[in-house]
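Shown below: entry36.txt, with compact mmCIF, C-alpha atoms.
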# COMPACT_ATOMS: atom_id res chain seq x y z
CA MET Z 1407 -59.78 13.80 2.91
CA LYS Z 1408 -61.27 16.16 0.35
CA ASN Z 1409 -63.22 14.71 -2.57
CA SER Z 1410 -61.34 16.94 -5.01
CA LYS Z 1411 -58.10 18.91 -4.93
CA LEU Z 1412 -56.94 22.15 -6.48
CA VAL Z 1413 -53.53 21.33 -7.89
CA ILE Z 1414 -50.96 23.51 -9.66
CA GLY Z 1415 -48.56 21.87 -12.09
CA LEU Z 1416 -45.26 23.58 -12.91
CA MET Z 1417 -43.17 22.82 -15.97
CA SER Z 1418 -39.92 24.23 -17.33
CA GLY Z 1419 -38.83 22.27 -20.40
CA THR Z 1420 -35.83 21.77 -22.64
CA SER Z 1421 -36.72 24.87 -24.66
CA LEU Z 1422 -35.81 26.95 -21.58
CA ASP Z 1423 -38.61 29.42 -22.35
CA GLY Z 1424 -39.67 29.91 -18.74
CA VAL Z 1425 -42.05 28.49 -16.15
CA ASP Z 1426 -45.50 27.24 -17.17
CA ALA Z 1427 -48.10 27.01 -14.41
CA ALA Z 1428 -51.49 25.31 -14.77
CA LEU Z 1429 -54.31 25.10 -12.23
CA VAL Z 1430 -56.63 22.11 -12.34
CA GLU Z 1431 -59.25 20.55 -10.11
CA ILE Z 1432 -58.69 16.81 -9.74
CA SER Z 1433 -61.06 14.19 -8.41
CA GLY Z 1434 -60.04 10.57 -7.87
CA PHE Z 1435 -56.84 8.97 -9.09
CA GLY Z 1436 -55.63 6.29 -11.50
CA SER Z 1437 -58.15 5.28 -14.13
CA GLN Z 1438 -60.89 7.10 -12.17
CA THR Z 1439 -59.17 10.49 -12.42
CA ILE Z 1440 -61.36 13.43 -13.46
CA VAL Z 1441 -59.54 16.64 -14.41
CA ASN Z 1442 -61.13 20.06 -14.76
CA PHE Z 1443 -58.81 22.69 -16.23
CA LYS Z 1444 -59.03 26.10 -14.54
CA HIS Z 1445 -56.24 28.47 -15.59
CA PHE Z 1446 -52.81 28.69 -17.20
CA THR Z 1447 -50.03 31.26 -17.12
CA SER Z 1448 -46.50 31.34 -18.51
CA ASN Z 1449 -43.57 33.25 -17.03
CA PRO Z 1450 -40.59 33.80 -19.37
CA PHE Z 1451 -37.10 33.52 -17.89
CA PRO Z 1452 -35.08 36.76 -17.82
CA ASP Z 1453 -32.43 36.67 -20.57
CA GLU Z 1454 -29.48 36.38 -18.18
CA ILE Z 1455 -31.05 33.40 -16.38
CA ARG Z 1456 -31.95 31.72 -19.64
CA LYS Z 1457 -28.38 32.09 -20.86
CA ILE Z 1458 -26.82 30.52 -17.77
CA LEU Z 1459 -29.37 27.68 -17.82
CA LEU Z 1460 -28.51 27.04 -21.46
CA LYS Z 1461 -24.84 26.95 -20.54
CA VAL Z 1462 -25.38 24.54 -17.66
CA SER Z 1463 -27.74 22.23 -19.55
CA SER Z 1464 -25.44 22.16 -22.58
CA GLY Z 1465 -22.67 20.61 -20.49
CA GLN Z 1466 -20.40 23.65 -20.44
CA PRO Z 1467 -18.24 23.83 -17.32
CA VAL Z 1468 -19.65 25.81 -14.40
CA SER Z 1469 -18.95 25.70 -10.68
CA SER Z 1470 -21.00 23.66 -8.22
CA GLY Z 1471 -21.79 26.99 -6.55
CA ILE Z 1472 -23.57 28.25 -9.66
CA ILE Z 1473 -25.69 25.09 -9.82
CA SER Z 1474 -26.51 25.35 -6.12
CA ASN Z 1475 -27.51 28.99 -6.45
CA LEU Z 1476 -29.58 28.28 -9.58
CA ASN Z 1477 -31.41 25.55 -7.67
CA VAL Z 1478 -32.56 28.09 -5.08
CA LEU Z 1479 -33.19 30.87 -7.62
CA LEU Z 1480 -35.43 28.63 -9.70
CA GLY Z 1481 -37.33 27.67 -6.56
CA GLN Z 1482 -38.03 31.38 -6.14
CA LEU Z 1483 -39.11 31.78 -9.78
CA PHE Z 1484 -41.40 28.73 -9.52
CA SER Z 1485 -42.93 30.27 -6.38
CA GLN Z 1486 -43.51 33.54 -8.23
CA ALA Z 1487 -45.29 31.59 -10.98
CA VAL Z 1488 -47.62 30.02 -8.42
CA LEU Z 1489 -48.39 33.35 -6.79
CA LYS Z 1490 -48.96 35.02 -10.17
CA LEU Z 1491 -51.39 32.28 -11.22
CA CYS Z 1492 -53.32 32.61 -7.96
CA SER Z 1493 -53.45 36.39 -8.37
CA GLU Z 1494 -54.80 36.07 -11.91
CA CYS Z 1495 -57.49 33.65 -10.64
CA GLN Z 1496 -58.23 35.81 -7.60
CA LEU Z 1497 -57.66 32.66 -5.57
CA PRO Z 1498 -55.91 32.78 -2.17
CA VAL Z 1499 -52.82 30.59 -2.29
CA ASN Z 1500 -53.95 28.81 0.90
CA GLN Z 1501 -56.81 27.35 -1.15
CA ILE Z 1502 -54.31 25.37 -3.25
CA ASP Z 1503 -54.00 21.78 -2.04
CA LEU Z 1504 -50.95 20.53 -3.90
CA ILE Z 1505 -48.18 21.61 -6.28
CA GLY Z 1506 -46.42 19.31 -8.75
CA SER Z 1507 -43.10 20.74 -9.91
CA HIS Z 1508 -41.07 19.09 -12.65
CA GLY Z 1509 -38.12 21.43 -12.12
CA GLN Z 1510 -35.57 22.35 -14.77
CA THR Z 1511 -33.59 19.48 -16.28
CA ILE Z 1512 -29.89 20.32 -16.48
CA PHE Z 1513 -28.65 16.77 -17.16
CA HIS Z 1514 -30.29 13.57 -18.36
CA GLN Z 1515 -28.35 10.36 -19.00
CA SER Z 1516 -30.81 7.52 -19.42
CA GLU Z 1517 -28.28 5.03 -20.79
CA PRO Z 1518 -26.24 3.34 -18.03
CA ARG Z 1519 -22.52 4.09 -18.08
CA LYS Z 1520 -19.55 2.62 -16.24
CA LEU Z 1521 -18.10 5.08 -13.73
CA TRP Z 1522 -15.33 4.13 -11.32
CA GLY Z 1523 -16.33 0.50 -11.43
CA HIS Z 1524 -20.07 1.16 -11.01
CA THR Z 1525 -22.97 1.31 -13.48
CA VAL Z 1526 -24.78 4.66 -13.34
CA SER Z 1527 -27.69 6.36 -15.12
CA SER Z 1528 -28.92 9.69 -13.83
CA SER Z 1529 -31.10 12.74 -14.33
CA LEU Z 1530 -30.88 16.06 -12.50
CA GLN Z 1531 -33.68 18.60 -12.16
CA ILE Z 1532 -33.19 21.79 -10.16
CA GLY Z 1533 -35.70 24.18 -8.59
CA GLU Z 1534 -35.67 23.74 -4.82
CA ALA Z 1535 -39.01 22.43 -3.53
CA ALA Z 1536 -38.30 23.73 -0.01
CA ILE Z 1537 -38.41 27.28 -1.38
CA LEU Z 1538 -41.79 26.59 -2.98
CA VAL Z 1539 -43.11 25.23 0.31
CA GLU Z 1540 -41.78 28.18 2.31
CA GLN Z 1541 -43.10 30.86 -0.05
CA THR Z 1542 -46.52 29.30 -0.70
CA GLY Z 1543 -47.23 27.12 2.35
CA VAL Z 1544 -48.44 24.37 -0.02
CA THR Z 1545 -47.30 20.74 -0.09
CA VAL Z 1546 -45.06 20.08 -3.11
CA VAL Z 1547 -44.29 16.94 -5.09
CA SER Z 1548 -41.05 17.25 -7.05
CA ASP Z 1549 -38.09 15.28 -8.47
CA PHE Z 1550 -40.18 12.78 -10.42
CA ARG Z 1551 -37.52 10.97 -12.49
CA PRO Z 1552 -35.09 9.29 -10.04
CA SER Z 1553 -37.50 6.60 -8.80
CA ASP Z 1554 -37.98 5.26 -12.32
CA LEU Z 1555 -34.23 5.40 -12.97
CA ALA Z 1556 -33.55 3.54 -9.73
CA ALA Z 1557 -35.96 0.81 -10.89
CA GLY Z 1558 -33.98 0.34 -14.11
CA GLY Z 1559 -35.97 2.71 -16.30
CA THR Z 1560 -34.92 5.65 -18.43
CA GLY Z 1561 -36.66 8.20 -16.20
CA ALA Z 1562 -38.48 9.55 -19.26
CA PRO Z 1563 -40.88 10.16 -20.79
CA LEU Z 1564 -43.28 10.57 -17.86
CA ILE Z 1565 -46.24 12.25 -19.59
CA PRO Z 1566 -47.48 8.98 -21.24
CA TYR Z 1567 -49.16 8.10 -17.95
CA VAL Z 1568 -51.00 11.42 -18.21
CA ASP Z 1569 -51.88 10.77 -21.86
CA PHE Z 1570 -53.38 7.43 -20.82
CA VAL Z 1571 -55.46 9.09 -18.07
CA LEU Z 1572 -56.71 11.94 -20.28
CA PHE Z 1573 -56.95 10.59 -23.82
CA ARG Z 1574 -57.49 6.83 -23.99
CA ASP Z 1575 -60.62 6.03 -25.99
CA PRO Z 1576 -62.78 2.89 -26.34
CA ILE Z 1577 -63.07 3.30 -30.12
CA LEU Z 1578 -60.30 5.56 -31.46
CA GLY Z 1579 -56.61 4.79 -31.81
CA ARG Z 1580 -54.72 7.92 -30.85
CA VAL Z 1581 -51.18 9.22 -31.13
CA LEU Z 1582 -50.25 12.03 -28.75
CA LEU Z 1583 -47.36 14.17 -30.00
CA ASN Z 1584 -45.70 16.74 -27.78
CA LEU Z 1585 -43.54 19.22 -29.69
CA GLY Z 1586 -41.37 20.83 -27.06
CA GLY Z 1587 -37.62 21.15 -27.27
CA ILE Z 1588 -37.66 17.38 -27.70
CA ALA Z 1589 -40.49 15.62 -29.57
CA ASN Z 1590 -42.15 12.64 -27.93
CA LEU Z 1591 -44.97 10.29 -28.88
CA THR Z 1592 -47.53 8.31 -26.94
CA ILE Z 1593 -49.40 5.64 -28.90
CA LEU Z 1594 -52.75 4.56 -27.43
CA PRO Z 1595 -54.59 1.81 -29.33
CA PRO Z 1596 -58.40 1.59 -28.94
CA LYS Z 1597 -59.45 0.26 -25.52
CA CYS Z 1598 -55.86 0.80 -24.41
CA GLN Z 1599 -54.66 -0.93 -21.25
CA SER Z 1600 -51.67 0.53 -19.42
CA SER Z 1601 -49.49 -2.37 -20.55
CA GLN Z 1602 -50.24 -1.48 -24.21
CA ILE Z 1603 -48.94 2.10 -24.05
CA ARG Z 1604 -46.06 2.77 -26.44
CA ALA Z 1605 -44.18 6.01 -25.87
CA PHE Z 1606 -40.71 7.45 -26.36
CA ASP Z 1607 -38.76 10.51 -27.47
CA THR Z 1608 -38.44 10.65 -31.25
CA GLY Z 1609 -35.64 13.25 -31.37
CA PRO Z 1610 -35.50 17.04 -31.63
CA GLY Z 1611 -38.75 18.94 -31.55
CA ASN Z 1612 -38.18 22.71 -31.61
CA MET Z 1613 -34.72 22.59 -30.05
CA VAL Z 1614 -32.55 22.72 -33.17
CA SER Z 1615 -34.65 25.22 -35.15
CA ASP Z 1616 -34.82 27.42 -32.03
CA ASP Z 1617 -31.03 27.31 -31.66
CA LEU Z 1618 -30.64 28.18 -35.33
CA ALA Z 1619 -33.06 31.10 -35.06
CA ARG Z 1620 -31.05 32.50 -32.15
CA HIS Z 1621 -27.78 31.91 -33.99
CA PHE Z 1622 -28.78 33.63 -37.22
CA SER Z 1623 -30.47 36.57 -35.46
CA GLN Z 1624 -27.66 36.94 -32.89
CA GLY Z 1625 -30.18 36.38 -30.12
CA ARG Z 1626 -32.86 38.77 -31.35
CA LYS Z 1627 -35.20 35.88 -32.21
CA GLN Z 1628 -35.84 32.87 -29.98
CA PHE Z 1629 -37.63 30.71 -32.58
CA ASP Z 1630 -38.82 30.52 -36.18
CA GLU Z 1631 -42.19 32.20 -35.73
CA GLN Z 1632 -44.96 30.15 -37.37
CA GLY Z 1633 -42.24 28.34 -39.33
CA LEU Z 1634 -42.02 31.25 -41.76
CA GLN Z 1635 -38.31 30.85 -42.45
CA ALA Z 1636 -38.60 27.09 -42.88
CA SER Z 1637 -41.55 27.51 -45.24
CA SER Z 1638 -39.57 29.88 -47.47
CA GLY Z 1639 -36.57 27.56 -47.68
CA LYS Z 1640 -35.85 24.23 -49.29
CA ILE Z 1641 -34.53 20.97 -47.85
CA ILE Z 1642 -30.80 20.35 -48.26
CA VAL Z 1643 -31.14 16.66 -49.11
CA PRO Z 1644 -27.54 15.44 -48.45
CA VAL Z 1645 -27.52 17.19 -45.06
CA LEU Z 1646 -30.94 15.80 -44.18
CA GLU Z 1647 -29.84 12.27 -45.04
CA THR Z 1648 -26.74 12.59 -42.88
CA LEU Z 1649 -28.72 13.95 -39.94
CA LEU Z 1650 -31.31 11.17 -40.23
CA SER Z 1651 -28.52 8.58 -40.03
CA ASP Z 1652 -27.95 9.44 -36.36
CA PRO Z 1653 -28.07 6.14 -34.39
CA PHE Z 1654 -30.64 7.55 -31.95
CA PHE Z 1655 -33.37 7.49 -34.58
CA LYS Z 1656 -32.94 3.76 -35.26
CA LYS Z 1657 -32.63 2.81 -31.61
CA LYS Z 1658 -35.65 0.88 -30.40
CA PRO Z 1659 -37.62 2.14 -27.39
CA PRO Z 1660 -37.37 2.68 -24.52
CA LYS Z 1661 -35.37 5.79 -25.32
CA SER Z 1662 -35.26 9.40 -24.23
CA ALA Z 1663 -33.24 12.41 -25.32
CA GLY Z 1664 -32.27 15.94 -24.37
CA ARG Z 1665 -29.65 18.57 -25.02
CA GLU Z 1666 -27.00 15.90 -24.53
CA GLN Z 1667 -28.03 14.48 -27.94
CA PHE Z 1668 -29.62 17.41 -29.78
CA GLY Z 1669 -28.30 20.58 -28.16
CA GLN Z 1670 -25.66 23.06 -29.26
CA CYS Z 1671 -23.17 20.41 -30.39
CA TYR Z 1672 -25.78 18.99 -32.77
CA THR Z 1673 -26.57 22.46 -34.09
CA LYS Z 1674 -22.87 23.18 -34.69
CA LYS Z 1675 -22.61 19.90 -36.61
CA LEU Z 1676 -25.53 20.96 -38.82
CA LEU Z 1677 -24.04 24.40 -39.43
CA ALA Z 1678 -20.68 22.89 -40.38
CA MET Z 1679 -22.32 20.56 -42.91
CA ALA Z 1680 -24.35 23.39 -44.46
CA GLU Z 1681 -21.89 26.29 -44.11
CA LEU Z 1682 -22.51 27.58 -47.64
CA ALA Z 1683 -26.30 27.26 -47.52
CA GLN Z 1684 -28.85 29.99 -46.92
CA GLU Z 1685 -30.29 30.48 -43.44
CA LYS Z 1686 -33.82 29.60 -44.53
CA ASP Z 1687 -32.66 26.34 -46.13
CA ILE Z 1688 -30.78 25.30 -42.99
CA ILE Z 1689 -33.83 25.97 -40.78
CA CYS Z 1690 -36.08 24.18 -43.30
CA THR Z 1691 -33.77 21.14 -43.15
CA ALA Z 1692 -33.70 21.14 -39.35
CA THR Z 1693 -37.49 21.29 -39.25
CA GLU Z 1694 -37.69 18.38 -41.67
CA VAL Z 1695 -35.60 16.27 -39.30
CA THR Z 1696 -38.34 16.70 -36.71
CA VAL Z 1697 -41.08 15.87 -39.23
CA ARG Z 1698 -39.41 12.78 -40.68
CA THR Z 1699 -38.40 11.29 -37.33
CA VAL Z 1700 -41.92 11.71 -35.94
CA VAL Z 1701 -43.50 10.12 -39.02
CA ASP Z 1702 -40.96 7.29 -39.09
CA ALA Z 1703 -41.57 6.58 -35.42
CA ILE Z 1704 -45.33 6.31 -35.91
CA PHE Z 1705 -44.90 3.75 -38.67
CA SER Z 1706 -42.00 1.86 -37.09
CA TYR Z 1707 -43.27 1.46 -33.54
CA SER Z 1708 -47.05 1.23 -33.91
CA ASP Z 1709 -48.28 -2.36 -34.04
CA HIS Z 1710 -50.98 -1.37 -36.57
CA PRO Z 1711 -50.23 2.20 -37.76
CA PHE Z 1712 -53.09 2.35 -40.26
CA GLU Z 1713 -55.58 1.46 -37.52
CA LEU Z 1714 -54.72 4.70 -35.72
CA ASN Z 1715 -57.26 7.47 -36.19
CA GLN Z 1716 -55.97 10.71 -34.68
CA LEU Z 1717 -52.72 12.58 -34.13
CA ILE Z 1718 -53.21 15.00 -31.24
CA ILE Z 1719 -50.47 17.62 -30.87
CA SER Z 1720 -49.41 19.80 -27.95
CA GLY Z 1721 -46.43 21.94 -26.97
CA GLY Z 1722 -44.87 25.03 -28.50
CA GLY Z 1723 -44.57 23.34 -31.89
CA VAL Z 1724 -48.32 23.66 -32.47
CA HIS Z 1725 -47.62 27.29 -33.40
CA ASN Z 1726 -45.25 26.27 -36.20
CA THR Z 1727 -47.72 26.27 -39.07
CA TYR Z 1728 -45.20 24.89 -41.56
CA LEU Z 1729 -44.23 21.93 -39.34
CA ILE Z 1730 -47.88 21.00 -38.76
CA GLN Z 1731 -48.61 21.18 -42.50
CA ARG Z 1732 -45.67 18.88 -43.24
CA LEU Z 1733 -47.06 16.35 -40.78
CA LYS Z 1734 -50.45 16.56 -42.47
CA ASN Z 1735 -48.81 15.98 -45.85
CA LEU Z 1736 -47.01 12.85 -44.69
CA LEU Z 1737 -49.79 11.42 -42.48
CA PRO Z 1738 -52.93 11.81 -44.62
CA HIS Z 1739 -54.62 8.81 -42.97
CA LEU Z 1740 -54.70 10.56 -39.57
CA GLU Z 1741 -57.04 13.29 -38.38
CA ILE Z 1742 -54.62 15.89 -37.03
CA MET Z 1743 -55.72 18.17 -34.21
CA THR Z 1744 -54.38 19.77 -31.05
CA THR Z 1745 -55.22 19.02 -27.43
CA ASP Z 1746 -57.14 22.34 -27.45
CA ASP Z 1747 -59.79 20.51 -29.47
CA LEU Z 1748 -60.21 18.19 -26.48
CA GLU Z 1749 -60.32 21.00 -23.89
CA ILE Z 1750 -56.69 20.67 -22.78
CA PRO Z 1751 -54.76 23.82 -23.84
CA SER Z 1752 -51.78 22.71 -25.90
CA ASP Z 1753 -49.37 25.14 -24.22
CA ALA Z 1754 -50.52 23.97 -20.78
CA LYS Z 1755 -50.57 20.22 -21.30
CA GLU Z 1756 -47.23 19.32 -19.72
CA ALA Z 1757 -47.85 21.56 -16.70
CA ILE Z 1758 -51.28 19.91 -16.32
CA GLY Z 1759 -49.46 16.59 -16.59
CA PHE Z 1760 -47.30 17.26 -13.56
CA ALA Z 1761 -50.35 18.29 -11.56
CA ILE Z 1762 -51.86 14.88 -12.39
CA LEU Z 1763 -48.62 13.04 -11.58
CA ALA Z 1764 -48.40 14.90 -8.26
CA ASN Z 1765 -51.94 13.81 -7.40
CA GLU Z 1766 -51.02 10.18 -8.11
CA THR Z 1767 -47.94 10.46 -5.90
CA PHE Z 1768 -49.97 11.98 -3.07
CA GLU Z 1769 -52.44 9.10 -3.36
CA ILE Z 1770 -49.52 6.63 -3.26
CA ASN Z 1771 -50.43 5.25 -6.67
CA ALA Z 1772 -47.72 4.03 -9.05
CA ASN Z 1773 -47.44 6.53 -11.89
CA ASN Z 1774 -44.61 5.44 -14.14
CA VAL Z 1775 -45.24 3.21 -17.17
CA PRO Z 1776 -42.70 0.34 -17.17
CA SER Z 1777 -43.60 -0.63 -20.75
CA VAL Z 1778 -42.47 2.87 -21.77
CA THR Z 1779 -39.43 3.55 -19.59
CA GLY Z 1780 -38.15 -0.01 -19.28
CA ALA Z 1781 -38.39 0.05 -15.47
CA ASN Z 1782 -38.39 -3.33 -13.77
CA HIS Z 1783 -41.66 -2.63 -11.98
CA PRO Z 1784 -44.19 0.15 -11.28
CA VAL Z 1785 -43.07 2.83 -8.83
CA VAL Z 1786 -44.51 5.91 -7.15
CA LEU Z 1787 -42.68 8.88 -8.64
CA GLY Z 1788 -41.53 12.00 -6.85
CA LYS Z 1789 -40.64 13.30 -3.42
CA ILE Z 1790 -43.06 15.08 -1.10
CA SER Z 1791 -42.09 18.29 0.74
CA TYR Z 1792 -44.71 18.96 3.38
CA GLY Z 1793 -46.39 22.36 3.51
CA GLN Z 1794 -48.45 24.02 6.23
CA ASN Z 1795 -51.58 22.54 4.65
CA TYR Z 1796 -50.46 18.90 4.82
CA ARG Z 1797 -52.38 17.79 7.94
CA LYS Z 1798 -55.55 19.44 6.64
CA LEU Z 1799 -55.06 17.84 3.25
CA ARG Z 1800 -54.67 14.42 4.85
CA GLY Z 1801 -57.81 14.96 6.90
CA PHE Z 1802 -56.07 15.32 10.27
CA ASN Z 1803 -57.17 17.80 12.90
Structure translated into structure tokens:
Amino acid sequence: MKNSKLVIGLMSGTSLDGVDAALVEISGFGSQTIVNFKHFTSNPFPDEIRKILLKVSSGQPVSSGIISNLNVLLGQLFSQAVLKLCSECQLPVNQIDLIGSHGQTIFHQSEPRKLWGHTVSSSLQIGEAAILVEQTGVTVVSDFRPSDLAAGGTGAPLIPYVDFVLFRDPILGRVLLNLGGIANLTILPPKCQSSQIRAFDTGPGNMVSDDLARHFSQGRKQFDEQGLQASSGKIIVPVLETLLSDPFFKKKPPKSAGREQFGQCYTKKLLAMAELAQEKDIICTATEVTVRTVVDAIFSYSDHPFELNQLIISGGGVHNTYLIQRLKNLLPHLEIMTTDDLEIPSDAKEAIGFAILANETFEINANNVPSVTGANHPVVLGKISYGQNYRKLRGFN
């Protein structure tokens, strides 16, 4: 087999912005993994597709036919993202060894529920891998969450394994914060072993403030650019206190969240509580929920929070200047930076992560973190759809 692989990671997150595609060269696997970032591109969803995805992922009723068609359509859009990335790199697609595709989450229920006499937890990502294979010829690893769920885990978060591979340090204690639609933390003490990783979703990242920006602008704005509206507003203290009393925030890890907890229903609840307030104050309050829950999580679930040295941020939230400044105000003991400072582009980190997870799956190496998800044992995540390059990739004639 080849000593290194060219791998593309694809990510479409809870913000529903579009498809992120990252190209990396990967050597080795597990603790010996070496990653060399090559290129990143982002492909926004057309408005009509974004709207139907928001409807589906918010739990509004749609037909099974719509979900089935979206599954295939997203497979086509993911394929276009791969081909666009290769075109930008002037790299023939047949030079790509592997694709890792997270897919688009349209439902995530990590807590087991009783259904018809059976206990069920589930997560559903769409974006048909067979379409990716057909349109690119490349072997694809997809559908990463079900194996962890089947082993008794929450199926999320999955990126902590990637954080461990990329950012563990023999001297520094590090907190990795991803600010996507949902905010999640990975806590890596110095000389971190895999069993010492602490990671979980803290609550809403950009999801609520994004929904509010769309609501107040009647769809003209998709987010609070640079946090300008939040920075010009003031916190509505009674509303903030009510929002922070949500049971999710006090629940001990493992825990994960999505639109089921912090989607449109949550936004409507906030709007009802603050119906007489100004737009900027409502967005400021929503942003403060993100800030406070992140800070509280660092202090509540770190064994020695003041022995941590760095907070390293990635995701779309790095562009919210106001949110980042609030974190700096409340965490003065931490050096706050972005993954860009460590040569991993913050916008590309999650896509890079699924390239790394795909490589682990291909190498048949367990790539969940049971201490994070609560799984009963380590498992190999994902399902492999074989492309035309598979025999060559495996070293067969």
Counting all atoms listed in the file, the residue among Z:Glu1517, Z:Asp1709, Z:Asp1747, Z:Asp1616 that lies closest to Ile1688 (chain Z) is Z:Asp1616
Pairwise distance, CA of Val1701 (chain Z) with CA of Gln1510 (chain Z), equals 28.3 Å
What is the CA of Ser1529 (chain Z) to CA of His1783 (chain Z) distance in Å?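 Going from CA of Ser1529 (chain Z) over to CA of His1783 (chain Z) covers 18.8 Å.
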Margin query: Residues within 7 Å of region 1789-1802 of chain Z, please, as a list in words. Count only C-alpha atoms; anything in the same chain fewer than 6 positions from it doesn't count.
Written below: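 My reading of the contact set: Met1407, Asp1503, Ala1535, Ala1536, Val1539, Gly1543, Val1544, Thr1545, Val1546, Val1547, Ser1548 and Asp1549 of chain Z.
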Using the selection just defined, write its residues with C-alpha atoms as a PDB file, keeping the file's coordinate frame.
ATOM      1  CA  MET Z1407     -59.780  13.800   2.910  1.00  0.00           C
ATOM      2  CA  ASP Z1503     -54.000  21.780  -2.040  1.00  0.00           C
ATOM      3  CA  ALA Z1535     -39.010  22.430  -3.530  1.00  0.00           C
ATOM      4  CA  ALA Z1536     -38.300  23.730  -0.010  1.00  0.00           C
ATOM      5  CA  VAL Z1539     -43.110  25.230   0.310  1.00  0.00           C
ATOM      6  CA  GLY Z1543     -47.230  27.120   2.350  1.00  0.00           C
ATOM      7  CA  VAL Z1544     -48.440  24.370  -0.020  1.00  0.00           C
ATOM      8  CA  THR Z1545     -47.300  20.740  -0.090  1.00  0.00           C
ATOM      9  CA  VAL Z1546     -45.060  20.080  -3.110  1.00  0.00           C
ATOM     10  CA  VAL Z1547     -44.290  16.940  -5.090  1.00  0.00           C
ATOM     11  CA  SER Z1548     -41.050  17.250  -7.050  1.00  0.00           C
ATOM     12  CA  ASP Z1549     -38.090  15.280  -8.470  1.00  0.00           C
TER      13      ASP Z1549
END
Produce a table with one row for each residue of region 1590-1693 of chain Z that has an atom at most 12 Å from any atom of region 1433-1451 of chain Z, each row naming the nearest atom pair and its distance in Å at one decimal; use only C-alpha atoms; arrange rows by chain and rising residue number; format as a tab-separated table.
residue	atom	partner	partner_atom	distance
Z:Cys1598	CA	Z:Ser1437	CA	11.4
Z:Gln1599	CA	Z:Ser1437	CA	10.1
Z:Ser1600	CA	Z:Ser1437	CA	9.6
Z:Gln1628	CA	Z:Pro1450	CA	11.7
Could I see region 1437-1451 of chain Z restored to N, CA and C atoms, set down as a PDB file, in the frame of the given file?
ATOM      1  N   SER Z1437     -57.217   5.293 -12.998  1.00  0.00           N
ATOM      2  CA  SER Z1437     -58.150   5.280 -14.130  1.00  0.00           C
ATOM      3  C   SER Z1437     -59.452   6.021 -13.828  1.00  0.00           C
ATOM      4  N   GLN Z1438     -59.672   6.370 -12.556  1.00  0.00           N
ATOM      5  CA  GLN Z1438     -60.890   7.100 -12.170  1.00  0.00           C
ATOM      6  C   GLN Z1438     -60.665   8.609 -12.086  1.00  0.00           C
ATOM      7  N   THR Z1439     -59.502   9.071 -12.527  1.00  0.00           N
ATOM      8  CA  THR Z1439     -59.170  10.490 -12.420  1.00  0.00           C
ATOM      9  C   THR Z1439     -60.094  11.349 -13.295  1.00  0.00           C
ATOM     10  N   ILE Z1440     -60.597  12.424 -12.720  1.00  0.00           N
ATOM     11  CA  ILE Z1440     -61.360  13.430 -13.460  1.00  0.00           C
ATOM     12  C   ILE Z1440     -60.638  14.758 -13.299  1.00  0.00           C
ATOM     13  N   VAL Z1441     -60.313  15.396 -14.423  1.00  0.00           N
ATOM     14  CA  VAL Z1441     -59.540  16.640 -14.410  1.00  0.00           C
ATOM     15  C   VAL Z1441     -60.365  17.771 -15.007  1.00  0.00           C
ATOM     16  N   ASN Z1442     -60.424  18.868 -14.291  1.00  0.00           N
ATOM     17  CA  ASN Z1442     -61.130  20.060 -14.760  1.00  0.00           C
ATOM     18  C   ASN Z1442     -60.128  21.211 -14.834  1.00  0.00           C
ATOM     19  N   PHE Z1443     -59.777  21.621 -16.046  1.00  0.00           N
ATOM     20  CA  PHE Z1443     -58.810  22.690 -16.230  1.00  0.00           C
ATOM     21  C   PHE Z1443     -59.401  24.024 -15.778  1.00  0.00           C
ATOM     22  N   LYS Z1444     -58.572  24.814 -15.062  1.00  0.00           N
ATOM     23  CA  LYS Z1444     -59.030  26.100 -14.540  1.00  0.00           C
ATOM     24  C   LYS Z1444     -58.312  27.298 -15.153  1.00  0.00           C
ATOM     25  N   HIS Z1445     -56.968  27.272 -15.154  1.00  0.00           N
ATOM     26  CA  HIS Z1445     -56.240  28.470 -15.590  1.00  0.00           C
ATOM     27  C   HIS Z1445     -54.799  28.093 -15.928  1.00  0.00           C
ATOM     28  N   PHE Z1446     -54.195  28.914 -16.799  1.00  0.00           N
ATOM     29  CA  PHE Z1446     -52.810  28.690 -17.200  1.00  0.00           C
ATOM     30  C   PHE Z1446     -52.107  30.039 -17.327  1.00  0.00           C
ATOM     31  N   THR Z1447     -50.846  30.071 -16.923  1.00  0.00           N
ATOM     32  CA  THR Z1447     -50.030  31.260 -17.120  1.00  0.00           C
ATOM     33  C   THR Z1447     -48.599  30.826 -17.420  1.00  0.00           C
ATOM     34  N   SER Z1448     -47.886  31.643 -18.164  1.00  0.00           N
ATOM     35  CA  SER Z1448     -46.500  31.340 -18.510  1.00  0.00           C
ATOM     36  C   SER Z1448     -45.626  32.528 -18.124  1.00  0.00           C
ATOM     37  N   ASN Z1449     -44.468  32.224 -17.552  1.00  0.00           N
ATOM     38  CA  ASN Z1449     -43.570  33.250 -17.030  1.00  0.00           C
ATOM     39  C   ASN Z1449     -42.205  33.110 -17.679  1.00  0.00           C
ATOM     40  N   PRO Z1450     -41.880  33.928 -18.680  1.00  0.00           N
ATOM     41  CA  PRO Z1450     -40.590  33.800 -19.370  1.00  0.00           C
ATOM     42  C   PRO Z1450     -39.419  34.027 -18.420  1.00  0.00           C
ATOM     43  N   PHE Z1451     -38.317  33.290 -18.646  1.00  0.00           N
ATOM     44  CA  PHE Z1451     -37.100  33.520 -17.890  1.00  0.00           C
ATOM     45  C   PHE Z1451     -36.465  34.841 -18.343  1.00  0.00           C
TER      46      PHE Z1451
END
